[in-house]
$ cat target_3.csv   # CSV, C-alpha atoms
chain,number,residue,atom,x,y,z
A,1,MET,CA,-10.0,-23.1,-1.8
A,2,LYS,CA,-7.1,-21.1,-0.6
A,3,LYS,CA,-5.9,-18.2,-2.8
A,4,TRP,CA,-2.4,-18.4,-4.1
A,5,TYR,CA,-1.2,-15.8,-1.6
A,6,GLU,CA,-2.7,-17.7,1.3
A,7,LYS,CA,-1.0,-21.0,0.5
A,8,LYS,CA,2.1,-20.2,2.5
A,9,THR,CA,3.6,-17.2,4.3
A,10,GLU,CA,5.6,-15.1,1.9
A,11,GLU,CA,9.3,-15.6,1.8
A,12,ARG,CA,11.5,-12.9,3.3
A,13,ILE,CA,12.6,-11.4,0.0
A,14,VAL,CA,10.8,-13.1,-2.9
A,15,ILE,CA,7.1,-12.5,-2.5
A,16,SER,CA,5.8,-14.1,-5.7
A,17,SER,CA,6.6,-15.2,-9.3
A,18,ARG,CA,4.5,-14.2,-12.3
A,19,VAL,CA,4.4,-15.2,-16.0
A,20,ARG,CA,2.3,-13.3,-18.5
A,21,LEU,CA,1.7,-14.5,-22.1
A,22,ALA,CA,0.5,-12.1,-24.8
A,23,ARG,CA,-1.5,-13.7,-27.6
A,24,ASN,CA,-3.6,-12.6,-30.6
A,25,LEU,CA,-5.9,-14.5,-32.9
A,26,ALA,CA,-5.2,-14.5,-36.6
A,27,GLU,CA,-8.9,-13.9,-37.6
A,28,TYR,CA,-9.5,-10.6,-35.8
A,29,HIS,CA,-8.1,-7.1,-36.2
A,30,PHE,CA,-5.5,-6.2,-33.6
A,31,ALA,CA,-6.4,-3.9,-30.7
A,32,GLY,CA,-7.0,-0.3,-31.9
A,33,ARG,CA,-8.7,-1.6,-35.1
A,34,MET,CA,-11.1,-4.1,-33.6
A,35,LYS,CA,-14.7,-3.6,-34.3
A,36,ASP,CA,-17.3,-3.9,-31.5
A,37,GLU,CA,-18.7,-7.1,-32.8
A,38,GLU,CA,-15.2,-8.6,-32.9
A,39,CYS,CA,-14.6,-7.7,-29.3
A,40,GLU,CA,-17.9,-9.2,-28.3
A,41,ALA,CA,-17.3,-12.4,-30.3
A,42,LEU,CA,-13.8,-12.9,-28.9
A,43,ALA,CA,-14.9,-12.3,-25.3
A,44,GLY,CA,-17.7,-14.8,-25.6
A,45,ARG,CA,-15.4,-17.5,-27.1
A,46,VAL,CA,-12.8,-17.2,-24.4
A,47,ARG,CA,-15.4,-17.1,-21.6
A,48,GLY,CA,-16.9,-20.2,-23.0
A,49,MET,CA,-13.7,-22.1,-22.5
A,50,ALA,CA,-13.8,-21.9,-18.7
A,51,ALA,CA,-14.9,-25.6,-18.5
A,52,ALA,CA,-11.9,-26.7,-20.5
A,53,PHE,CA,-9.6,-24.9,-18.1
A,54,GLU,CA,-11.3,-26.6,-15.2
A,55,GLY,CA,-10.5,-30.0,-16.8
A,56,LYS,CA,-6.8,-29.0,-17.0
A,57,GLU,CA,-6.4,-27.9,-13.5
A,58,ALA,CA,-9.1,-29.7,-11.4
A,59,MET,CA,-10.4,-26.4,-10.0
A,60,LYS,CA,-13.3,-24.0,-10.7
A,61,TYR,CA,-12.9,-21.2,-13.2
A,62,TYR,CA,-15.1,-18.1,-13.2
A,63,SER,CA,-15.7,-15.6,-16.0
A,64,CYS,CA,-17.4,-12.2,-16.3
A,65,SER,CA,-17.7,-9.2,-18.6
A,66,VAL,CA,-15.4,-6.7,-17.0
A,67,ASN,CA,-17.5,-3.8,-18.5
A,68,LYS,CA,-20.5,-4.9,-16.3
A,69,LEU,CA,-18.5,-4.7,-13.1
A,70,SER,CA,-18.8,-1.7,-10.8
A,71,GLU,CA,-16.0,0.8,-10.7
A,72,LEU,CA,-15.2,-0.4,-7.1
A,73,GLU,CA,-15.0,-4.0,-8.2
A,74,LYS,CA,-12.7,-3.2,-11.1
A,75,ALA,CA,-10.5,-1.1,-8.9
A,76,SER,CA,-10.3,-4.0,-6.4
A,77,LEU,CA,-9.3,-6.4,-9.1
A,78,SER,CA,-6.6,-4.0,-10.3
A,79,GLU,CA,-5.2,-3.6,-6.7
A,80,TRP,CA,-4.9,-7.4,-6.6
A,81,TYR,CA,-3.1,-7.3,-10.0
A,82,ILE,CA,-5.7,-9.6,-11.4
A,83,ILE,CA,-6.6,-7.1,-14.1
A,84,SER,CA,-4.7,-4.1,-15.5
A,85,GLU,CA,-5.8,-0.5,-15.2
A,86,LEU,CA,-5.9,-0.5,-19.0
A,87,LEU,CA,-8.5,-3.3,-19.1
A,88,ALA,CA,-10.6,-1.6,-16.4
A,89,LYS,CA,-10.8,1.5,-18.5
A,90,LYS,CA,-11.6,-0.1,-21.9
A,91,ARG,CA,-15.0,0.8,-23.3
A,92,GLN,CA,-15.3,-2.0,-25.9
A,93,GLU,CA,-16.3,-5.5,-24.6
A,94,THR,CA,-13.8,-7.0,-22.3
A,95,ALA,CA,-13.7,-10.2,-20.3
A,96,LEU,CA,-12.0,-11.9,-17.4
A,97,VAL,CA,-11.6,-15.6,-16.7
A,98,LEU,CA,-10.3,-16.3,-13.2
A,99,SER,CA,-9.2,-19.5,-11.4
A,100,GLU,CA,-10.6,-20.3,-8.0
A,101,ASP,CA,-7.2,-19.8,-6.3
A,102,GLU,CA,-6.7,-16.6,-8.3
A,103,GLY,CA,-3.4,-17.9,-9.6
A,104,ILE,CA,-4.6,-17.8,-13.2
A,105,SER,CA,-6.3,-14.8,-14.7
A,106,ILE,CA,-7.0,-14.3,-18.4
A,107,MET,CA,-7.7,-10.8,-19.7
A,108,VAL,CA,-9.6,-10.5,-23.0
A,109,ASN,CA,-9.3,-7.4,-25.2
A,110,GLU,CA,-6.7,-5.6,-23.2
A,111,GLU,CA,-3.6,-4.4,-25.2
A,112,ASP,CA,-3.7,-7.8,-26.9
A,113,HIS,CA,-6.6,-10.1,-27.6
A,114,ILE,CA,-5.6,-12.4,-24.8
A,115,ARG,CA,-3.3,-12.0,-21.8
A,116,ILE,CA,-2.7,-15.1,-19.7
A,117,GLN,CA,-1.3,-14.4,-16.3
A,118,ALA,CA,-0.1,-17.1,-13.8
A,119,VAL,CA,1.1,-16.2,-10.3
A,120,ALA,CA,2.8,-18.5,-7.7
A,121,PRO,CA,4.0,-17.7,-4.2
A,122,GLY,CA,7.7,-17.3,-3.5
A,123,ALA,CA,10.4,-18.1,-6.0
A,124,ASP,CA,8.6,-20.5,-8.3
A,125,LEU,CA,8.8,-19.0,-11.8
A,126,GLU,CA,8.9,-22.5,-13.4
A,127,GLY,CA,5.6,-23.4,-11.6
A,128,ALA,CA,3.9,-20.2,-12.8
A,129,TYR,CA,5.1,-20.9,-16.3
A,130,VAL,CA,3.7,-24.5,-16.3
A,131,ARG,CA,0.3,-23.2,-15.3
A,132,ALA,CA,0.3,-20.5,-17.9
A,133,ALA,CA,1.4,-23.0,-20.6
A,134,LEU,CA,-1.5,-25.3,-19.8
A,135,ILE,CA,-4.0,-22.6,-20.4
A,136,ASP,CA,-2.0,-21.4,-23.5
A,137,GLU,CA,-2.3,-24.9,-24.9
A,138,SER,CA,-6.1,-24.9,-24.6
A,139,LEU,CA,-6.5,-21.4,-26.1
A,140,GLU,CA,-4.1,-22.2,-29.0
A,141,GLU,CA,-7.0,-24.0,-30.8
A,142,LEU,CA,-8.6,-20.6,-31.4
A,143,GLY,CA,-5.8,-19.9,-34.0
A,144,TYR,CA,-3.0,-17.7,-32.8
A,145,ALA,CA,-1.3,-15.0,-35.0
A,146,TYR,CA,2.1,-16.5,-35.4
A,147,ASP,CA,5.0,-16.0,-37.8
A,148,ASP,CA,7.8,-18.6,-38.4
A,149,ARG,CA,10.4,-15.9,-38.2
A,150,TYR,CA,9.1,-13.5,-35.5
A,151,GLY,CA,7.1,-15.8,-33.3
A,152,TYR,CA,3.9,-14.7,-31.6
A,153,LEU,CA,2.7,-11.4,-33.1
A,154,THR,CA,1.6,-8.8,-30.6
A,155,THR,CA,0.3,-5.3,-30.6
A,156,SER,CA,3.5,-3.9,-29.1
A,157,PRO,CA,6.8,-4.8,-31.0
A,158,LEU,CA,8.4,-5.2,-27.5
A,159,ASN,CA,6.4,-8.4,-26.9
A,160,VAL,CA,6.9,-10.1,-30.3
A,161,GLY,CA,8.6,-13.5,-30.1
A,162,THR,CA,7.7,-15.5,-27.1
A,163,GLY,CA,5.2,-12.9,-26.0
A,164,MET,CA,6.3,-13.7,-22.4
A,165,ARG,CA,6.9,-11.3,-19.5
A,166,ALA,CA,8.3,-13.1,-16.5
A,167,SER,CA,8.8,-11.4,-13.2
A,168,PHE,CA,9.5,-11.7,-9.5
A,169,LEU,CA,8.0,-9.4,-6.9
A,170,LEU,CA,10.8,-8.6,-4.4
A,171,PHE,CA,10.8,-7.0,-1.0
A,172,LEU,CA,14.0,-4.9,-0.8
A,173,PRO,CA,14.2,-2.7,2.2
A,174,GLY,CA,17.9,-3.2,2.7
A,175,VAL,CA,18.9,-2.1,-0.8
A,176,THR,CA,16.4,0.8,-0.6
A,177,MET,CA,17.6,2.1,2.8
A,178,ALA,CA,21.2,1.9,1.6
A,179,GLY,CA,20.3,4.1,-1.3
A,180,LYS,CA,21.4,1.5,-3.9
A,181,ILE,CA,18.2,0.7,-5.8
A,182,GLN,CA,19.0,2.9,-8.8
A,183,LYS,CA,22.5,1.5,-9.1
A,184,LEU,CA,21.1,-2.0,-8.9
A,185,ALA,CA,18.5,-1.2,-11.6
A,186,ASP,CA,21.3,0.1,-13.9
A,187,GLU,CA,23.5,-3.0,-13.3
A,188,VAL,CA,20.8,-5.6,-14.1
A,189,GLY,CA,19.6,-3.5,-17.1
A,190,LYS,CA,22.8,-4.6,-18.8
A,191,TYR,CA,21.5,-8.2,-18.7
A,192,GLY,CA,18.1,-7.5,-20.2
A,193,VAL,CA,16.3,-7.2,-16.9
A,194,MET,CA,14.4,-4.2,-15.5
A,195,VAL,CA,13.6,-3.2,-12.0
A,196,ARG,CA,10.4,-1.2,-11.4
A,197,GLY,CA,8.8,0.0,-8.3
A,198,ILE,CA,5.1,-0.6,-7.3
A,199,PRO,CA,2.9,0.7,-8.9
A,200,GLY,CA,5.4,1.1,-11.7
A,201,ASP,CA,6.8,4.6,-11.8
A,202,GLY,CA,10.5,3.9,-12.4
A,203,THR,CA,12.3,2.8,-9.2
A,204,LYS,CA,10.0,4.9,-7.0
A,205,THR,CA,7.9,2.5,-4.9
A,206,MET,CA,5.8,2.0,-1.8
A,207,GLY,CA,6.4,-0.7,0.8
A,208,TYR,CA,9.9,-1.5,-0.5
A,209,LEU,CA,8.3,-3.7,-3.2
A,210,TYR,CA,9.8,-4.0,-6.7
A,211,ARG,CA,9.0,-6.0,-9.8
A,212,VAL,CA,12.0,-7.5,-11.6
A,213,SER,CA,11.2,-8.7,-15.1
A,214,ASN,CA,12.7,-9.5,-18.5
A,215,ARG,CA,13.0,-6.9,-21.3
A,216,LYS,CA,13.7,-9.2,-24.2
A,217,THR,CA,11.1,-11.5,-25.7
A,218,LEU,CA,12.5,-12.0,-29.3
A,219,GLY,CA,15.4,-14.2,-30.2
A,220,CYS,CA,15.3,-16.4,-27.0
A,221,THR,CA,13.2,-19.2,-25.7
A,222,GLU,CA,10.9,-19.2,-22.7
A,223,GLY,CA,13.3,-21.4,-20.8
A,224,GLU,CA,16.2,-19.0,-21.5
A,225,ILE,CA,14.1,-16.0,-20.2
A,226,ILE,CA,13.2,-17.9,-17.0
A,227,GLU,CA,16.8,-19.0,-16.4
A,228,ASN,CA,18.3,-15.6,-17.0
A,229,LEU,CA,15.8,-13.9,-14.7
A,230,ARG,CA,16.2,-16.6,-12.0
A,231,GLN,CA,19.9,-16.0,-12.0
A,232,ILE,CA,19.6,-12.2,-11.9
A,233,ALA,CA,17.0,-12.4,-9.1
A,234,GLY,CA,19.3,-14.6,-7.2
A,235,GLU,CA,22.0,-12.0,-7.3
A,236,ILE,CA,19.6,-9.3,-6.2
A,237,VAL,CA,18.5,-11.5,-3.2
A,238,GLN,CA,22.2,-11.8,-2.2
A,239,GLN,CA,22.6,-8.0,-2.5
A,240,GLU,CA,19.6,-7.5,-0.3
A,241,GLN,CA,20.9,-10.0,2.3
A,242,LYS,CA,24.2,-8.2,2.3
A,243,TYR,CA,22.7,-4.8,2.9
A,244,ARG,CA,20.4,-6.1,5.6
A,245,GLU,CA,23.5,-7.4,7.5
A,246,TYR,CA,25.3,-4.1,6.8
A,247,LEU,CA,22.4,-2.0,8.1
A,248,CYS,CA,21.9,-4.2,11.2
A,249,GLY,CA,25.6,-4.0,12.0
A,250,ARG,CA,25.6,-0.2,11.9
A,251,ASN,CA,22.1,0.8,13.0
A,252,ALA,CA,20.4,-2.2,14.7
A,253,ASP,CA,19.0,-0.1,17.6
A,254,GLU,CA,17.7,2.6,15.1
A,255,ILE,CA,16.0,0.0,12.9
A,256,GLU,CA,14.5,-1.8,15.9
A,257,ASP,CA,13.1,1.4,17.2
A,258,LYS,CA,11.6,2.2,13.8
A,259,VAL,CA,10.0,-1.2,13.7
A,260,TYR,CA,8.4,-0.9,17.2
A,261,ARG,CA,7.2,2.7,16.4
A,262,SER,CA,5.6,1.3,13.3
A,263,PHE,CA,3.8,-1.3,15.3
A,264,GLY,CA,2.7,1.3,17.8
A,265,VAL,CA,1.2,3.5,15.1
A,266,LEU,CA,-0.5,0.5,13.4
A,267,ARG,CA,-1.9,-0.5,16.8
A,268,TYR,CA,-3.2,2.8,18.0
A,269,ALA,CA,-3.4,5.5,15.3
A,270,LYS,CA,-6.9,6.6,14.6
A,271,LYS,CA,-6.3,7.7,11.0
A,272,ILE,CA,-3.9,6.1,8.5
A,273,SER,CA,-3.4,6.9,4.8
A,274,THR,CA,-2.7,4.3,2.2
A,275,GLU,CA,0.9,5.3,1.8
A,276,ASP,CA,1.5,5.4,5.5
A,277,GLY,CA,-0.2,2.0,6.0
A,278,LEU,CA,2.0,0.4,3.3
A,279,THR,CA,5.2,1.9,4.8
A,280,LEU,CA,4.3,0.8,8.3
A,281,LEU,CA,3.4,-2.7,7.3
A,282,ALA,CA,6.7,-2.9,5.3
A,283,GLN,CA,8.6,-1.8,8.4
A,284,LEU,CA,6.9,-4.4,10.4
A,285,LYS,CA,7.7,-7.1,7.9
A,286,PHE,CA,11.3,-6.0,7.8
A,287,GLY,CA,11.4,-6.3,11.6
A,288,ARG,CA,9.9,-9.8,11.5
A,289,ASP,CA,12.3,-10.9,8.8
A,290,LEU,CA,15.2,-9.7,11.0
A,291,GLY,CA,13.8,-11.4,14.2
A,292,MET,CA,13.4,-8.1,15.9
A,293,ILE,CA,9.7,-8.4,16.6
A,294,ALA,CA,7.4,-11.4,17.2
A,295,VAL,CA,4.6,-11.2,14.7
A,296,ASN,CA,2.4,-14.2,13.8
A,297,PRO,CA,4.4,-16.0,11.1
A,298,GLU,CA,1.1,-17.2,9.5
A,299,LEU,CA,0.0,-13.7,8.8
A,300,SER,CA,0.9,-12.5,5.3
A,301,LEU,CA,1.8,-8.9,5.7
A,302,TYR,CA,2.0,-8.6,1.9
A,303,GLU,CA,-1.7,-9.7,1.7
A,304,GLN,CA,-2.5,-6.9,4.2
A,305,MET,CA,-0.7,-4.4,2.0
A,306,ILE,CA,-3.2,-5.2,-0.7
A,307,ARG,CA,-6.3,-5.3,1.6
A,308,ILE,CA,-5.7,-1.8,3.0
A,309,GLN,CA,-5.7,-0.2,-0.4
A,310,PRO,CA,-8.7,2.1,-1.2
A,311,ALA,CA,-11.0,-0.2,-3.2
A,312,ASN,CA,-10.3,-3.4,-1.2
A,313,LEU,CA,-10.7,-1.5,2.1
A,314,GLN,CA,-14.2,-0.3,1.0
A,315,LYS,CA,-15.1,-3.9,0.1
A,316,ILE,CA,-14.1,-5.0,3.6
A,317,CYS,CA,-16.2,-2.2,5.1
A,318,GLY,CA,-19.1,-2.9,2.8
A,319,LYS,CA,-19.8,0.6,1.7
A,320,ASN,CA,-18.4,3.5,-0.3
A,321,LEU,CA,-16.1,5.8,1.7
A,322,ASN,CA,-14.5,9.2,1.0
A,323,ARG,CA,-10.8,9.7,1.6
A,324,ALA,CA,-11.2,10.9,5.2
A,325,GLN,CA,-13.6,8.0,6.0
A,326,ARG,CA,-11.2,5.5,4.5
A,327,GLU,CA,-8.3,6.8,6.6
A,328,ARG,CA,-10.4,6.4,9.7
A,329,TYR,CA,-11.6,2.9,8.8
A,330,ARG,CA,-8.1,1.9,7.7
A,331,GLY,CA,-6.9,2.9,11.2
A,332,GLU,CA,-9.6,0.9,12.9
A,333,TYR,CA,-8.9,-2.1,10.6
A,334,LEU,CA,-5.1,-2.1,11.3
A,335,ASN,CA,-5.7,-1.5,15.1
A,336,ARG,CA,-7.8,-4.7,15.2
A,337,LEU,CA,-5.2,-6.6,13.1
A,338,MET,CA,-2.3,-5.6,15.4
A,339,GLY,CA,-4.4,-6.5,18.5
A,340,LYS,CA,-4.7,-10.1,17.2
A,341,MET,CA,-0.9,-10.6,16.9

$ encode --input "target_3.csv" --output "structure tokens"
Amino acid sequence: MKKWYEKKTEERIVISSRVRLARNLAEYHFAGRMKDEECEALAGRVRGMAAAFEGKEAMKYYSCSVNKLSELEKASLSEWYIISELLAKKRQETALVLSEDEGISIMVNEEDHIRIQAVAPGADLEGAYVRAALIDESLEELGYAYDDRYGYLTTSPLNVGTGMRASFLLFLPGVTMAGKIQKLADEVGKYGVMVRGIPGDGTKTMGYLYRVSNRKTLGCTEGEIIENLRQIAGEIVQQEQKYREYLCGRNADEIEDKVYRSFGVLRYAKKISTEDGLTLLAQLKFGRDLGMIAVNPELSLYEQMIRIQPANLQKICGKNLNRAQRERYRGEYLNRLMGKM
């Protein structure tokens, strides 16, 4: 089965949509106070429900104890945003349940007892929510911690209420190059939406990628969160299109030169760092979006941005590599990829 990121080439601006639901069970202590036996019991119960999820979605589900995975495997899952860095570092028993298309991942014993994550390609927040809600419905029989006044109870007060974090992953080279990303973040912040770079250090980012998500989870419904975020993201997309037109009108030759230089480095450089690889692939995607360079439209450049990161690159190579060896192998990998375009 194709993975969610292989189902269609990413859109020019909206890469993906994601919904996360934070849930806790009433019968266990919350994270931080959980005993080892509670963690083990909860992990086993959720893993045992994989068959029920398969019946809901007509696809296979896989489960594992995250603690038993190698450090490389955990790092790889984190680079794909299937698990969080927090889950990867936990010492008590943790678990992962993952759908065959990797569009659904369920983290057990992370910050909350259960984190349901649904991802869909492009601007399909509603589709992601429908999938998350199906899994949520199955897990609800375990007995959620819920309050009639406050809604779903979570470890962090910021998630109380719906327990839902919805987000779009956006590709914003136009806004970034125009130096307007912080201004944009400040503006949308007034409407309960935050803009964070990848991997999440404020608005600093790599590859012009940003995650736009809701701040508020209490006092509103899931539908209201999705609608507000959809409208704000639509405004951001319009801003990005405007700045792309502005930059091309003023500096088309300079941008085109940068795009072809990026292709040249990707095609022939012998050593490429992670940051350089992400930047060069982003420049290439920008050029393809603008029609400046003919790159195979079936190739997901976002997917390649994930594949060239340290852990995934070592999985492709099939062995552990030090930093210098990774830079050398990354160069070889990207050289071959560019040669096939």

$ closest_residue --input "target_3.csv" --among "A:Glu235, A:Glu57, A:Glu85, A:Glu332" --to "Ile272 in chain A" --atoms "all atoms listed in the file"
A:Glu332

$ atom_distance --input "target_3.csv" --atom1 "CA of Asn159 in chain A" --atom2 "CA of Gly219 in chain A"
11.2 Å

$ closest_atom_pairs --input "target_3.csv" --of "range 15-69 of chain A" --to "range 111-120 of chain A" --cutoff "9 Å" --atoms "all atoms listed in the file" --output "JSON lines"
{"residue": "A:Ser16", "atom": "CA", "partner": "A:Ala120", "partner_atom": "CA", "distance": 5.7}
{"residue": "A:Ser17", "atom": "CA", "partner": "A:Ala120", "partner_atom": "CA", "distance": 5.3}
{"residue": "A:Arg18", "atom": "CA", "partner": "A:Val119", "partner_atom": "CA", "distance": 4.4}
{"residue": "A:Val19", "atom": "CA", "partner": "A:Ala118", "partner_atom": "CA", "distance": 5.4}
{"residue": "A:Arg20", "atom": "CA", "partner": "A:Gln117", "partner_atom": "CA", "distance": 4.4}
{"residue": "A:Leu21", "atom": "CA", "partner": "A:Ile116", "partner_atom": "CA", "distance": 5.0}
{"residue": "A:Ala22", "atom": "CA", "partner": "A:Arg115", "partner_atom": "CA", "distance": 4.8}
{"residue": "A:Arg23", "atom": "CA", "partner": "A:Ile114", "partner_atom": "CA", "distance": 5.1}
{"residue": "A:Asn24", "atom": "CA", "partner": "A:His113", "partner_atom": "CA", "distance": 4.9}
{"residue": "A:Leu25", "atom": "CA", "partner": "A:His113", "partner_atom": "CA", "distance": 6.9}
{"residue": "A:Tyr28", "atom": "CA", "partner": "A:His113", "partner_atom": "CA", "distance": 8.7}
{"residue": "A:Phe30", "atom": "CA", "partner": "A:Asp112", "partner_atom": "CA", "distance": 7.1}
{"residue": "A:Ala31", "atom": "CA", "partner": "A:Asp112", "partner_atom": "CA", "distance": 6.1}
{"residue": "A:Gly32", "atom": "CA", "partner": "A:Glu111", "partner_atom": "CA", "distance": 8.6}
{"residue": "A:Cys39", "atom": "CA", "partner": "A:His113", "partner_atom": "CA", "distance": 8.5}
{"residue": "A:Leu42", "atom": "CA", "partner": "A:His113", "partner_atom": "CA", "distance": 7.8}
{"residue": "A:Ala43", "atom": "CA", "partner": "A:His113", "partner_atom": "CA", "distance": 8.9}
{"residue": "A:Val46", "atom": "CA", "partner": "A:Ile114", "partner_atom": "CA", "distance": 8.7}

$ residues_around --input "target_3.csv" --residues "Gly122 in chain A" --least-positions-apart "4" --cutoff "10 Å" --atoms "only C-alpha atoms" --output "list in words"
Tyr5, Lys8, Thr9, Glu10, Glu11, Arg12, Ile13, Val14, Ile15, Ser16, Ser17, Arg18, Phe168, Leu169 and Leu170 of chain A

$ closest_residue --input "target_3.csv" --among "A:Arg47, A:Lys258, A:Arg336, A:Lys270" --to "Gln283 in chain A" --atoms "all atoms listed in the file"
A:Lys258

$ closest_atom_pairs --input "target_3.csv" --of "range 222-313 of chain A" --to "range 74-77 of chain A" --cutoff "10 Å" --atoms "all atoms listed in the file" --output "CSV"
residue,atom,partner,partner_atom,distance
A:Ile306,CA,A:Ser76,CA,9.2
A:Arg307,CA,A:Ser76,CA,9.0
A:Gln309,CA,A:Ser76,CA,8.5
A:Pro310,CA,A:Ser76,CA,8.2
A:Ala311,CA,A:Ser76,CA,5.0
A:Asn312,CA,A:Ser76,CA,5.2
A:Leu313,CA,A:Ser76,CA,8.9

$ build_atoms --input "target_3.csv" --residues "range 205-228 of chain A" --atoms "N, CA and C atoms" --output "PDB file, in the frame of the given file"
ATOM      1  N   THR A 205       8.830   3.581  -5.297  1.00  0.00           N
ATOM      2  CA  THR A 205       7.900   2.500  -4.900  1.00  0.00           C
ATOM      3  C   THR A 205       7.313   2.827  -3.510  1.00  0.00           C
ATOM      4  N   MET A 206       6.391   1.979  -3.094  1.00  0.00           N
ATOM      5  CA  MET A 206       5.800   2.000  -1.800  1.00  0.00           C
ATOM      6  C   MET A 206       5.999   0.621  -1.141  1.00  0.00           C
ATOM      7  N   GLY A 207       6.286   0.570   0.134  1.00  0.00           N
ATOM      8  CA  GLY A 207       6.400  -0.700   0.800  1.00  0.00           C
ATOM      9  C   GLY A 207       7.640  -1.498   0.454  1.00  0.00           C
ATOM     10  N   TYR A 208       8.649  -0.845  -0.130  1.00  0.00           N
ATOM     11  CA  TYR A 208       9.900  -1.500  -0.500  1.00  0.00           C
ATOM     12  C   TYR A 208       9.662  -2.654  -1.522  1.00  0.00           C
ATOM     13  N   LEU A 209       8.607  -2.597  -2.300  1.00  0.00           N
ATOM     14  CA  LEU A 209       8.300  -3.700  -3.200  1.00  0.00           C
ATOM     15  C   LEU A 209       8.714  -3.282  -4.652  1.00  0.00           C
ATOM     16  N   TYR A 210       9.339  -4.226  -5.339  1.00  0.00           N
ATOM     17  CA  TYR A 210       9.800  -4.000  -6.700  1.00  0.00           C
ATOM     18  C   TYR A 210       9.527  -5.210  -7.567  1.00  0.00           C
ATOM     19  N   ARG A 211       9.205  -4.934  -8.831  1.00  0.00           N
ATOM     20  CA  ARG A 211       9.000  -6.000  -9.800  1.00  0.00           C
ATOM     21  C   ARG A 211      10.221  -6.093 -10.709  1.00  0.00           C
ATOM     22  N   VAL A 212      10.822  -7.264 -10.765  1.00  0.00           N
ATOM     23  CA  VAL A 212      12.000  -7.500 -11.600  1.00  0.00           C
ATOM     24  C   VAL A 212      11.588  -8.411 -12.735  1.00  0.00           C
ATOM     25  N   SER A 213      11.755  -7.943 -13.986  1.00  0.00           N
ATOM     26  CA  SER A 213      11.200  -8.700 -15.100  1.00  0.00           C
ATOM     27  C   SER A 213      12.161  -8.618 -16.329  1.00  0.00           C
ATOM     28  N   ASN A 214      11.910  -9.486 -17.312  1.00  0.00           N
ATOM     29  CA  ASN A 214      12.700  -9.500 -18.500  1.00  0.00           C
ATOM     30  C   ASN A 214      12.303  -8.402 -19.489  1.00  0.00           C
ATOM     31  N   ARG A 215      13.282  -7.877 -20.223  1.00  0.00           N
ATOM     32  CA  ARG A 215      13.000  -6.900 -21.300  1.00  0.00           C
ATOM     33  C   ARG A 215      12.819  -7.597 -22.626  1.00  0.00           C
ATOM     34  N   LYS A 216      13.646  -8.603 -22.883  1.00  0.00           N
ATOM     35  CA  LYS A 216      13.700  -9.200 -24.200  1.00  0.00           C
ATOM     36  C   LYS A 216      12.742 -10.368 -24.339  1.00  0.00           C
ATOM     37  N   THR A 217      11.998 -10.395 -25.451  1.00  0.00           N
ATOM     38  CA  THR A 217      11.100 -11.500 -25.700  1.00  0.00           C
ATOM     39  C   THR A 217      11.376 -12.149 -27.081  1.00  0.00           C
ATOM     40  N   LEU A 218      12.150 -11.481 -27.915  1.00  0.00           N
ATOM     41  CA  LEU A 218      12.500 -12.000 -29.300  1.00  0.00           C
ATOM     42  C   LEU A 218      13.881 -12.531 -29.302  1.00  0.00           C
ATOM     43  N   GLY A 219      14.036 -13.667 -30.002  1.00  0.00           N
ATOM     44  CA  GLY A 219      15.400 -14.200 -30.200  1.00  0.00           C
ATOM     45  C   GLY A 219      15.826 -15.106 -29.018  1.00  0.00           C
ATOM     46  N   CYS A 220      14.909 -15.487 -28.142  1.00  0.00           N
ATOM     47  CA  CYS A 220      15.300 -16.400 -27.000  1.00  0.00           C
ATOM     48  C   CYS A 220      14.038 -17.233 -26.702  1.00  0.00           C
ATOM     49  N   THR A 221      14.266 -18.328 -26.014  1.00  0.00           N
ATOM     50  CA  THR A 221      13.200 -19.200 -25.700  1.00  0.00           C
ATOM     51  C   THR A 221      12.616 -18.869 -24.280  1.00  0.00           C
ATOM     52  N   GLU A 222      11.455 -19.431 -23.976  1.00  0.00           N
ATOM     53  CA  GLU A 222      10.900 -19.200 -22.700  1.00  0.00           C
ATOM     54  C   GLU A 222      11.802 -19.706 -21.557  1.00  0.00           C
ATOM     55  N   GLY A 223      12.420 -20.860 -21.795  1.00  0.00           N
ATOM     56  CA  GLY A 223      13.300 -21.400 -20.800  1.00  0.00           C
ATOM     57  C   GLY A 223      14.533 -20.511 -20.553  1.00  0.00           C
ATOM     58  N   GLU A 224      15.060 -19.895 -21.612  1.00  0.00           N
ATOM     59  CA  GLU A 224      16.200 -19.000 -21.500  1.00  0.00           C
ATOM     60  C   GLU A 224      15.812 -17.728 -20.707  1.00  0.00           C
ATOM     61  N   ILE A 225      14.599 -17.222 -20.951  1.00  0.00           N
ATOM     62  CA  ILE A 225      14.100 -16.000 -20.200  1.00  0.00           C
ATOM     63  C   ILE A 225      14.018 -16.353 -18.734  1.00  0.00           C
ATOM     64  N   ILE A 226      13.426 -17.496 -18.419  1.00  0.00           N
ATOM     65  CA  ILE A 226      13.200 -17.900 -17.000  1.00  0.00           C
ATOM     66  C   ILE A 226      14.592 -18.085 -16.330  1.00  0.00           C
ATOM     67  N   GLU A 227      15.513 -18.755 -16.984  1.00  0.00           N
ATOM     68  CA  GLU A 227      16.800 -19.000 -16.400  1.00  0.00           C
ATOM     69  C   GLU A 227      17.603 -17.745 -16.147  1.00  0.00           C
ATOM     70  N   ASN A 228      17.604 -16.837 -17.132  1.00  0.00           N
ATOM     71  CA  ASN A 228      18.300 -15.600 -17.000  1.00  0.00           C
ATOM     72  C   ASN A 228      17.735 -14.756 -15.834  1.00  0.00           C
TER      73      ASN A 228
END
